[in-house]
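Chemist: Enclosed is the structure file entry-v8.pdb (PDB, C-alpha atoms and all ligand atoms).
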MODEL        1
ATOM      1  CA  MET A   1       4.358 -56.844  48.697  1.00  0.00           C
ATOM      2  CA  LYS A   2       2.728 -60.113  47.682  1.00  0.00           C
ATOM      3  CA  PHE A   3       4.954 -62.844  46.265  1.00  0.00           C
ATOM      4  CA  PHE A   4       3.695 -64.974  43.385  1.00  0.00           C
ATOM      5  CA  ILE A   5       5.721 -67.736  41.783  1.00  0.00           C
ATOM      6  CA  ASP A   6       5.990 -67.804  37.998  1.00  0.00           C
ATOM      7  CA  THR A   7       6.053 -71.487  37.118  1.00  0.00           C
ATOM      8  CA  ALA A   8       3.901 -74.451  36.089  1.00  0.00           C
ATOM      9  CA  ASP A   9       6.170 -76.930  37.864  1.00  0.00           C
ATOM     10  CA  VAL A  10       3.951 -78.509  40.525  1.00  0.00           C
ATOM     11  CA  ALA A  11       6.859 -79.983  42.493  1.00  0.00           C
ATOM     12  CA  GLU A  12       8.426 -76.515  42.783  1.00  0.00           C
ATOM     13  CA  ILE A  13       5.078 -74.989  43.754  1.00  0.00           C
ATOM     14  CA  ARG A  14       4.526 -77.592  46.487  1.00  0.00           C
ATOM     15  CA  GLU A  15       7.993 -77.052  47.902  1.00  0.00           C
ATOM     16  CA  LEU A  16       7.779 -73.269  47.899  1.00  0.00           C
ATOM     17  CA  ALA A  17       4.211 -73.215  49.237  1.00  0.00           C
ATOM     18  CA  GLU A  18       5.545 -74.932  52.362  1.00  0.00           C
ATOM     19  CA  THR A  19       7.710 -71.901  53.119  1.00  0.00           C
ATOM     20  CA  GLY A  20       4.550 -69.931  53.893  1.00  0.00           C
ATOM     21  CA  LEU A  21       5.869 -67.104  51.683  1.00  0.00           C
ATOM     22  CA  LEU A  22       3.756 -67.764  48.599  1.00  0.00           C
ATOM     23  CA  ASP A  23       0.707 -65.599  47.949  1.00  0.00           C
ATOM     24  CA  GLY A  24      -0.128 -66.875  44.472  1.00  0.00           C
ATOM     25  CA  VAL A  25       1.051 -68.415  41.211  1.00  0.00           C
ATOM     26  CA  THR A  26       1.280 -67.200  37.623  1.00  0.00           C
ATOM     27  CA  THR A  27       1.507 -69.467  34.607  1.00  0.00           C
ATOM     28  CA  ASN A  28       1.606 -68.774  30.888  1.00  0.00           C
ATOM     29  CA  PRO A  29       1.322 -70.943  27.756  1.00  0.00           C
ATOM     30  CA  SER A  30       5.110 -71.299  27.491  1.00  0.00           C
ATOM     31  CA  LEU A  31       5.381 -72.545  31.081  1.00  0.00           C
ATOM     32  CA  VAL A  32       2.462 -74.949  30.561  1.00  0.00           C
ATOM     33  CA  ALA A  33       4.114 -76.317  27.395  1.00  0.00           C
ATOM     34  CA  LYS A  34       7.353 -76.815  29.351  1.00  0.00           C
ATOM     35  CA  SER A  35       5.480 -78.763  32.061  1.00  0.00           C
ATOM     36  CA  GLY A  36       4.117 -81.266  29.525  1.00  0.00           C
ATOM     37  CA  ARG A  37       0.903 -81.409  31.599  1.00  0.00           C
ATOM     38  CA  ASN A  38      -2.784 -81.190  30.633  1.00  0.00           C
ATOM     39  CA  PHE A  39      -3.639 -77.507  31.134  1.00  0.00           C
ATOM     40  CA  LEU A  40      -6.980 -77.852  32.951  1.00  0.00           C
ATOM     41  CA  SER A  41      -5.871 -80.534  35.404  1.00  0.00           C
ATOM     42  CA  LEU A  42      -2.599 -78.689  36.001  1.00  0.00           C
ATOM     43  CA  VAL A  43      -4.409 -75.469  36.914  1.00  0.00           C
ATOM     44  CA  ALA A  44      -6.850 -77.373  39.154  1.00  0.00           C
ATOM     45  CA  GLU A  45      -3.939 -78.990  40.993  1.00  0.00           C
ATOM     46  CA  ILE A  46      -2.109 -75.678  41.484  1.00  0.00           C
ATOM     47  CA  CYS A  47      -5.316 -74.060  42.773  1.00  0.00           C
ATOM     48  CA  GLU A  48      -5.531 -76.755  45.451  1.00  0.00           C
ATOM     49  CA  ILE A  49      -1.933 -76.278  46.542  1.00  0.00           C
ATOM     50  CA  VAL A  50      -1.991 -72.482  46.752  1.00  0.00           C
ATOM     51  CA  PRO A  51      -5.111 -70.734  48.095  1.00  0.00           C
ATOM     52  CA  GLY A  52      -4.159 -67.358  46.601  1.00  0.00           C
ATOM     53  CA  PRO A  53      -4.724 -66.222  43.000  1.00  0.00           C
ATOM     54  CA  VAL A  54      -3.528 -68.641  40.303  1.00  0.00           C
ATOM     55  CA  SER A  55      -3.251 -67.056  36.865  1.00  0.00           C
ATOM     56  CA  ALA A  56      -4.171 -69.271  33.907  1.00  0.00           C
ATOM     57  CA  GLU A  57      -4.015 -67.814  30.418  1.00  0.00           C
ATOM     58  CA  VAL A  58      -6.473 -68.070  27.553  1.00  0.00           C
ATOM     59  CA  ALA A  59      -5.086 -69.480  24.290  1.00  0.00           C
ATOM     60  CA  ALA A  60      -7.292 -67.789  21.692  1.00  0.00           C
ATOM     61  CA  THR A  61      -6.828 -64.234  20.460  1.00  0.00           C
ATOM     62  CA  ASP A  62     -10.354 -63.439  19.205  1.00  0.00           C
ATOM     63  CA  TYR A  63     -12.975 -62.041  21.558  1.00  0.00           C
ATOM     64  CA  GLU A  64     -15.630 -64.783  21.389  1.00  0.00           C
ATOM     65  CA  THR A  65     -13.269 -67.708  21.847  1.00  0.00           C
ATOM     66  CA  MET A  66     -11.240 -65.910  24.516  1.00  0.00           C
ATOM     67  CA  LEU A  67     -14.422 -65.168  26.458  1.00  0.00           C
ATOM     68  CA  ALA A  68     -15.565 -68.796  26.226  1.00  0.00           C
ATOM     69  CA  GLU A  69     -12.121 -70.013  27.306  1.00  0.00           C
ATOM     70  CA  GLY A  70     -12.024 -67.487  30.135  1.00  0.00           C
ATOM     71  CA  ARG A  71     -15.407 -68.606  31.457  1.00  0.00           C
ATOM     72  CA  HIS A  72     -14.287 -72.227  31.251  1.00  0.00           C
ATOM     73  CA  ILE A  73     -11.048 -71.485  33.114  1.00  0.00           C
ATOM     74  CA  ALA A  74     -12.955 -69.486  35.749  1.00  0.00           C
ATOM     75  CA  LYS A  75     -14.972 -72.593  36.642  1.00  0.00           C
ATOM     76  CA  ILE A  76     -11.834 -74.527  37.646  1.00  0.00           C
ATOM     77  CA  ALA A  77     -11.634 -72.982  41.132  1.00  0.00           C
ATOM     78  CA  PRO A  78     -12.635 -69.781  42.948  1.00  0.00           C
ATOM     79  CA  ASN A  79      -8.988 -68.677  43.182  1.00  0.00           C
ATOM     80  CA  VAL A  80      -8.341 -68.720  39.431  1.00  0.00           C
ATOM     81  CA  ALA A  81      -7.395 -65.436  37.776  1.00  0.00           C
ATOM     82  CA  VAL A  82      -8.036 -65.572  34.033  1.00  0.00           C
ATOM     83  CA  LYS A  83      -5.053 -64.182  32.163  1.00  0.00           C
ATOM     84  CA  VAL A  84      -5.745 -62.257  28.955  1.00  0.00           C
ATOM     85  CA  PRO A  85      -3.378 -60.407  26.627  1.00  0.00           C
ATOM     86  CA  LEU A  86      -3.325 -56.630  26.475  1.00  0.00           C
ATOM     87  CA  THR A  87      -5.131 -56.340  23.152  1.00  0.00           C
ATOM     88  CA  PRO A  88      -8.461 -54.695  22.301  1.00  0.00           C
ATOM     89  CA  ALA A  89     -10.171 -58.103  22.360  1.00  0.00           C
ATOM     90  CA  GLY A  90      -8.336 -59.103  25.557  1.00  0.00           C
ATOM     91  CA  LEU A  91      -9.474 -55.953  27.357  1.00  0.00           C
ATOM     92  CA  LYS A  92     -13.036 -56.482  26.176  1.00  0.00           C
ATOM     93  CA  VAL A  93     -12.913 -59.971  27.674  1.00  0.00           C
ATOM     94  CA  CYS A  94     -11.366 -58.496  30.826  1.00  0.00           C
ATOM     95  CA  HIS A  95     -14.280 -56.099  31.178  1.00  0.00           C
ATOM     96  CA  ARG A  96     -16.870 -58.856  30.731  1.00  0.00           C
ATOM     97  CA  LEU A  97     -15.216 -61.309  33.101  1.00  0.00           C
ATOM     98  CA  SER A  98     -14.477 -58.765  35.813  1.00  0.00           C
ATOM     99  CA  THR A  99     -18.079 -57.528  35.623  1.00  0.00           C
ATOM    100  CA  ASP A 100     -19.115 -61.151  36.260  1.00  0.00           C
ATOM    101  CA  GLY A 101     -16.878 -61.201  39.360  1.00  0.00           C
ATOM    102  CA  THR A 102     -13.977 -63.200  37.895  1.00  0.00           C
ATOM    103  CA  MET A 103     -10.407 -62.173  38.709  1.00  0.00           C
ATOM    104  CA  VAL A 104      -8.520 -61.098  35.581  1.00  0.00           C
ATOM    105  CA  ASN A 105      -4.787 -60.660  35.051  1.00  0.00           C
ATOM    106  CA  VAL A 106      -4.001 -58.533  31.977  1.00  0.00           C
ATOM    107  CA  THR A 107      -0.641 -59.690  30.695  1.00  0.00           C
ATOM    108  CA  LEU A 108       1.993 -58.503  28.209  1.00  0.00           C
ATOM    109  CA  CYS A 109       1.848 -54.882  29.393  1.00  0.00           C
ATOM    110  CA  PHE A 110       4.751 -52.810  28.087  1.00  0.00           C
ATOM    111  CA  SER A 111       3.572 -49.196  28.505  1.00  0.00           C
ATOM    112  CA  ALA A 112       1.869 -46.953  31.035  1.00  0.00           C
ATOM    113  CA  ALA A 113      -0.835 -46.175  28.480  1.00  0.00           C
ATOM    114  CA  GLN A 114      -1.643 -49.888  28.241  1.00  0.00           C
ATOM    115  CA  ALA A 115      -1.756 -50.093  32.054  1.00  0.00           C
ATOM    116  CA  LEU A 116      -4.305 -47.275  32.139  1.00  0.00           C
ATOM    117  CA  LEU A 117      -6.495 -49.219  29.720  1.00  0.00           C
ATOM    118  CA  ALA A 118      -6.210 -52.383  31.820  1.00  0.00           C
ATOM    119  CA  ALA A 119      -7.357 -50.475  34.913  1.00  0.00           C
ATOM    120  CA  LYS A 120     -10.310 -49.000  33.025  1.00  0.00           C
ATOM    121  CA  ALA A 121     -11.235 -52.507  31.844  1.00  0.00           C
ATOM    122  CA  GLY A 122     -11.496 -53.582  35.491  1.00  0.00           C
ATOM    123  CA  ALA A 123      -8.399 -55.806  35.654  1.00  0.00           C
ATOM    124  CA  THR A 124      -7.625 -57.325  39.036  1.00  0.00           C
ATOM    125  CA  PHE A 125      -3.936 -57.358  38.076  1.00  0.00           C
ATOM    126  CA  VAL A 126      -1.894 -55.754  35.329  1.00  0.00           C
ATOM    127  CA  SER A 127       1.380 -57.485  34.463  1.00  0.00           C
ATOM    128  CA  PRO A 128       4.135 -55.179  33.192  1.00  0.00           C
ATOM    129  CA  PHE A 129       7.104 -57.244  31.926  1.00  0.00           C
ATOM    130  CA  VAL A 130      10.268 -55.724  33.385  1.00  0.00           C
ATOM    131  CA  GLY A 131      12.859 -58.218  32.141  1.00  0.00           C
ATOM    132  CA  ARG A 132      11.670 -58.262  28.540  1.00  0.00           C
ATOM    133  CA  LEU A 133      11.921 -54.445  28.430  1.00  0.00           C
ATOM    134  CA  ASP A 134      15.448 -54.597  29.893  1.00  0.00           C
ATOM    135  CA  ASP A 135      16.289 -57.224  27.253  1.00  0.00           C
ATOM    136  CA  ILE A 136      15.650 -54.717  24.457  1.00  0.00           C
ATOM    137  CA  GLY A 137      17.614 -51.926  26.127  1.00  0.00           C
ATOM    138  CA  HIS A 138      14.713 -50.162  27.855  1.00  0.00           C
ATOM    139  CA  ASP A 139      14.415 -49.512  31.593  1.00  0.00           C
ATOM    140  CA  GLY A 140      11.783 -52.005  32.758  1.00  0.00           C
ATOM    141  CA  LEU A 141      11.654 -50.606  36.276  1.00  0.00           C
ATOM    142  CA  SER A 142      10.799 -47.110  35.072  1.00  0.00           C
ATOM    143  CA  LEU A 143       7.578 -48.583  33.678  1.00  0.00           C
ATOM    144  CA  ILE A 144       6.721 -49.899  37.153  1.00  0.00           C
ATOM    145  CA  ARG A 145       7.427 -46.460  38.632  1.00  0.00           C
ATOM    146  CA  ASP A 146       5.130 -44.806  36.064  1.00  0.00           C
ATOM    147  CA  ILE A 147       2.237 -47.231  36.564  1.00  0.00           C
ATOM    148  CA  VAL A 148       2.397 -47.097  40.368  1.00  0.00           C
ATOM    149  CA  GLU A 149       2.490 -43.288  40.252  1.00  0.00           C
ATOM    150  CA  ILE A 150      -0.409 -43.043  37.801  1.00  0.00           C
ATOM    151  CA  TYR A 151      -2.623 -45.522  39.657  1.00  0.00           C
ATOM    152  CA  ALA A 152      -1.957 -43.676  42.940  1.00  0.00           C
ATOM    153  CA  ASN A 153      -3.489 -40.538  41.419  1.00  0.00           C
ATOM    154  CA  TYR A 154      -6.842 -42.303  41.141  1.00  0.00           C
ATOM    155  CA  PRO A 155      -8.108 -43.909  44.370  1.00  0.00           C
ATOM    156  CA  GLY A 156     -10.913 -45.519  42.342  1.00  0.00           C
ATOM    157  CA  ILE A 157      -8.425 -47.778  40.555  1.00  0.00           C
ATOM    158  CA  ALA A 158      -8.411 -51.179  42.268  1.00  0.00           C
ATOM    159  CA  THR A 159      -6.044 -52.851  39.767  1.00  0.00           C
ATOM    160  CA  GLU A 160      -2.893 -54.215  41.393  1.00  0.00           C
ATOM    161  CA  VAL A 161       0.499 -53.803  39.732  1.00  0.00           C
ATOM    162  CA  LEU A 162       1.918 -57.305  39.298  1.00  0.00           C
ATOM    163  CA  VAL A 163       5.583 -56.990  38.362  1.00  0.00           C
ATOM    164  CA  ALA A 164       6.354 -59.757  35.869  1.00  0.00           C
ATOM    165  CA  SER A 165       9.292 -61.041  33.840  1.00  0.00           C
ATOM    166  CA  ILE A 166      11.519 -60.639  36.876  1.00  0.00           C
ATOM    167  CA  ARG A 167      15.137 -61.632  36.345  1.00  0.00           C
ATOM    168  CA  ASN A 168      16.836 -60.849  39.661  1.00  0.00           C
ATOM    169  CA  PRO A 169      16.251 -59.823  43.314  1.00  0.00           C
ATOM    170  CA  GLY A 170      17.013 -56.183  42.423  1.00  0.00           C
ATOM    171  CA  HIS A 171      13.865 -56.063  40.301  1.00  0.00           C
ATOM    172  CA  ILE A 172      11.845 -57.082  43.359  1.00  0.00           C
ATOM    173  CA  VAL A 173      13.514 -54.733  45.837  1.00  0.00           C
ATOM    174  CA  GLU A 174      13.213 -51.724  43.527  1.00  0.00           C
ATOM    175  CA  SER A 175       9.576 -52.533  42.710  1.00  0.00           C
ATOM    176  CA  ALA A 176       8.803 -52.843  46.423  1.00  0.00           C
ATOM    177  CA  LYS A 177      10.391 -49.420  47.038  1.00  0.00           C
ATOM    178  CA  MET A 178       8.041 -48.014  44.401  1.00  0.00           C
ATOM    179  CA  GLY A 179       5.023 -49.619  46.077  1.00  0.00           C
ATOM    180  CA  ALA A 180       4.129 -52.255  43.469  1.00  0.00           C
ATOM    181  CA  HIS A 181       1.552 -54.623  44.939  1.00  0.00           C
ATOM    182  CA  VAL A 182       2.808 -57.996  43.674  1.00  0.00           C
ATOM    183  CA  ALA A 183       5.978 -59.545  42.260  1.00  0.00           C
ATOM    184  CA  THR A 184       5.853 -62.791  40.319  1.00  0.00           C
ATOM    185  CA  MET A 185       9.215 -64.482  40.086  1.00  0.00           C
ATOM    186  CA  PRO A 186      10.793 -67.709  38.894  1.00  0.00           C
ATOM    187  CA  PRO A 187      11.611 -70.149  41.743  1.00  0.00           C
ATOM    188  CA  SER A 188      15.340 -69.497  41.231  1.00  0.00           C
ATOM    189  CA  VAL A 189      14.898 -65.780  41.962  1.00  0.00           C
ATOM    190  CA  LEU A 190      12.797 -66.485  45.060  1.00  0.00           C
ATOM    191  CA  ARG A 191      15.632 -68.669  46.366  1.00  0.00           C
ATOM    192  CA  GLN A 192      18.160 -65.925  45.590  1.00  0.00           C
ATOM    193  CA  LEU A 193      16.251 -63.591  47.928  1.00  0.00           C
ATOM    194  CA  TYR A 194      17.464 -65.591  50.929  1.00  0.00           C
ATOM    195  CA  ALA A 195      21.119 -65.377  50.018  1.00  0.00           C
ATOM    196  CA  HIS A 196      23.784 -63.185  51.604  1.00  0.00           C
ATOM    197  CA  PRO A 197      27.414 -64.249  52.157  1.00  0.00           C
ATOM    198  CA  LEU A 198      27.504 -62.561  55.568  1.00  0.00           C
ATOM    199  CA  THR A 199      24.531 -64.670  56.672  1.00  0.00           C
ATOM    200  CA  ASP A 200      26.428 -67.845  55.726  1.00  0.00           C
ATOM    201  CA  LYS A 201      29.642 -66.635  57.339  1.00  0.00           C
ATOM    202  CA  GLY A 202      27.894 -65.467  60.506  1.00  0.00           C
ATOM    203  CA  LEU A 203      25.982 -68.707  60.880  1.00  0.00           C
ATOM    204  CA  ALA A 204      29.127 -70.815  60.448  1.00  0.00           C
ATOM    205  CA  GLN A 205      30.752 -68.812  63.249  1.00  0.00           C
ATOM    206  CA  PHE A 206      27.757 -69.182  65.556  1.00  0.00           C
ATOM    207  CA  VAL A 207      27.582 -72.936  64.939  1.00  0.00           C
ATOM    208  CA  ALA A 208      31.298 -73.319  65.662  1.00  0.00           C
ATOM    209  CA  ASP A 209      31.153 -71.207  68.841  1.00  0.00           C
ATOM    210  CA  TRP A 210      28.060 -72.997  70.075  1.00  0.00           C
ATOM    211  CA  ALA A 211      29.838 -76.352  69.686  1.00  0.00           C
ATOM    212  CA  LYS A 212      32.538 -75.055  72.059  1.00  0.00           C
ATOM    213  CA  THR A 213      29.941 -74.688  74.833  1.00  0.00           C
ATOM    214  CA  GLY A 214      29.266 -78.437  74.746  1.00  0.00           C
ATOM    215  CA  GLN A 215      25.593 -77.701  75.433  1.00  0.00           C
ATOM    216  CA  SER A 216      22.375 -78.915  73.817  1.00  0.00           C
ATOM    217  CA  ILE A 217      19.239 -76.810  74.008  1.00  0.00           C
ATOM    218  CA  LEU A 218      16.923 -79.810  73.869  1.00  0.00           C
ATOM    219  CA  ASP A 219      18.732 -82.168  76.273  1.00  0.00           C
ATOM    220  CA  LYS A 220      18.083 -81.669  80.001  1.00  0.00           C
TER     221      LYS A 220
HETATM  222  C1  LIG B   1       4.062 -63.316  33.930  1.00  0.00           C
HETATM  223  O1  LIG B   1       2.936 -63.581  34.265  1.00  0.00           O
HETATM  224  C2  LIG B   1       4.814 -64.055  32.914  1.00  0.00           C
HETATM  225  O2  LIG B   1       4.431 -65.395  32.972  1.00  0.00           O
HETATM  226  C3  LIG B   1       6.295 -64.036  33.128  1.00  0.00           C
HETATM  227  O3  LIG B   1       6.671 -63.199  34.185  1.00  0.00           O
HETATM  228  C4  LIG B   1       7.084 -63.858  31.877  1.00  0.00           C
HETATM  229  O4  LIG B   1       8.445 -63.877  32.207  1.00  0.00           O
HETATM  230  P1  LIG B   1       9.596 -64.100  31.113  1.00  0.00           P
HETATM  231  O5  LIG B   1       9.817 -62.814  30.416  1.00  0.00           O
HETATM  232  O6  LIG B   1      10.790 -64.508  31.928  1.00  0.00           O
HETATM  233  O7  LIG B   1       9.118 -65.192  30.195  1.00  0.00           O
ENDMDL
END
Take the structure in the file and give it back as structure tokens.
Ligand code: E4P
Modeler:
Amino acid sequence: MKFFIDTADVAEIRELAETGLLDGVTTNPSLVAKSGRNFLSLVAEICEIVPGPVSAEVAATDYETMLAEGRHIAKIAPNVAVKVPLTPAGLKVCHRLSTDGTMVNVTLCFSAAQALLAAKAGATFVSPFVGRLDDIGHDGLSLIRDIVEIYANYPGIATEVLVASIRNPGHIVESAKMGAHVATMPPSVLRQLYAHPLTDKGLAQFVADWAKTGQSILDK
């Protein structure tokens, strides 16, 4: 499973990129607004830090403007994935851009039917939002299961399932068990993946016992 980070915070991206665990980045207009940064220079900077796909979302909702924005965004760097909403106009833009060879991430997917449309439109990624479905009392992970199962029935579908709106490590583990291709997560959730109390307890014991040996691995 590929790990993307869902943030527009460059300091966080730099720090997490150094772990060697990051395969890409997703941003959205809300995250860009939170960063307070100029959108185009922000995306260019992220694309330099992380060589994998960096999703940058169009702002317009009509076809012509979205297409123009998408083409503009695509020029920022070869690793940009233009993010478009799952609307009729968004999917039309997706089809045009993907035909031109641009990576496209179709976002705001909340049903398997929508995911089928995204695949037919040639999306590189489809982003089903697990957490936002859970928030309204639905089972977000069952949507991931449905999309993965449906896509697997058609070997011609190249669209990757990018699990989005992740709230906790369980969302990632369950999605990985289902075979989802990518998980995009907030930095806090990525850090939670490391944590287990028995790791901390075991390490404290090893450190204490090692001290009793009076040895140093590096000193001769
Ligand atoms: C994905 O690309 C979105 O940016 C993101 O996962 C949305 O998450 P949220 O529901 O926590 O805002």
Chemist: Residues of region 95-199 of chain A that approach region 57-61 of chain A to 10 Å or less, counting all atoms listed in the file: could you list each one with the shortest pair of atoms and its distance in Å to one decimal, rows by chain and increasing residue number, as a tab-separated table?
Modeler:
residue	atom	partner	partner_atom	distance
A:Val104	CA	A:Glu57	CA	9.6
A:Asn105	CA	A:Glu57	CA	8.6
A:Val106	CA	A:Glu57	CA	9.4
A:Thr107	CA	A:Glu57	CA	8.8
Chemist: Go through the shown structure with the PyMOL selection byres (((chain A and resi 131) around 9) and not hetatm) and write out the matching residues as a ChimeraX atom specification.
Modeler: /A:129-130,132-136,139-141,164-168,171
Chemist: Using the chain letters and numbers from the file, which residues does the PyMOL selection byres (((chain A and resi 1-8) around 7) and not hetatm) grab, as a list of chain:residue names?
Modeler: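 Answer for the PyMOL selection byres (((chain A and resi 1-8) around 7) and not hetatm): A:Asp9, A:Val10, A:Leu21, A:Leu22, A:Asp23, A:Gly24, A:Val25, A:Thr26, A:Thr27, A:Leu31, A:Val32, A:Ser35, A:Ala176, A:Ala180, A:His181, A:Val182, A:Ala183, A:Thr184, A:Met185, A:Pro186, A:Pro187.
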Chemist: For the provided coordinates, the residues matched by the PyMOL selection byres (((chain A and resi 91) around 12) and not hetatm) should be stated as a ChimeraX atom specification.
Modeler: /A:61-63,66-67,82-90,92-98,104-109,114-124,126
Chemist: Would you mind telling me which residue in A:Ala81, A:Met178, A:Ala112, A:Ala44 lies nearest to ligand LIG 1 (chain B) when using only C-alpha atoms and all ligand atoms?
Modeler: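 Among A:Ala81, A:Met178, A:Ala112, A:Ala44, it is A:Ala81 that comes nearest to ligand LIG 1 (chain B).
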Chemist: Which residue out of A:Ala204, A:Leu198, A:Ile144, A:Leu42 has the minimum interatomic distance to Gly179 (chain A) when all atoms listed in the file are used?
Modeler: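 Ranked by minimum distance to Gly179 (chain A), first place goes to A:Ile144.
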Chemist: Calculate how many Å separate CA of Glu12 (chain A) from CA of Ile172 (chain A), rounding to one decimal.
Modeler: 19.7 Å
Chemist: Go through A:Val163, A:Val43, A:Ala77, A:Ile150 and flag the residue nearest ligand LIG 1 (chain B), using only C-alpha atoms and all ligand atoms for the distances.
Modeler: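 The closest residue to ligand LIG 1 (chain B) is A:Val163.
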Chemist: Can you tell me how far CA of Leu218 (chain A) sits from CA of Pro197 (chain A), in Å to one decimal?
Modeler: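 Atom-to-atom, CA of Leu218 (chain A) to CA of Pro197 (chain A), that is 28.7 Å.
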Chemist: One decimal, in Å: what's the spacing between CA of Ala33 (chain A) and CA of Gly70 (chain A)?
Modeler: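 Pair CA of Ala33 (chain A) / CA of Gly70 (chain A) returns 18.6 Å.
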Chemist: With all atoms listed in the file as the basis for distance, which of A:Ser216, A:Leu143, A:Gly170, A:Ala74 is at the shortest distance from Leu190 (chain A)?
Modeler: A:Gly170
Chemist: Quick one: of A:Leu162, A:Glu45, A:Ser111, A:Met103, who's nearest to ligand LIG 1 (chain B), counting only C-alpha atoms and all ligand atoms?
Modeler: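 Residue with the minimum atom-to-atom distance to ligand LIG 1 (chain B): A:Leu162.
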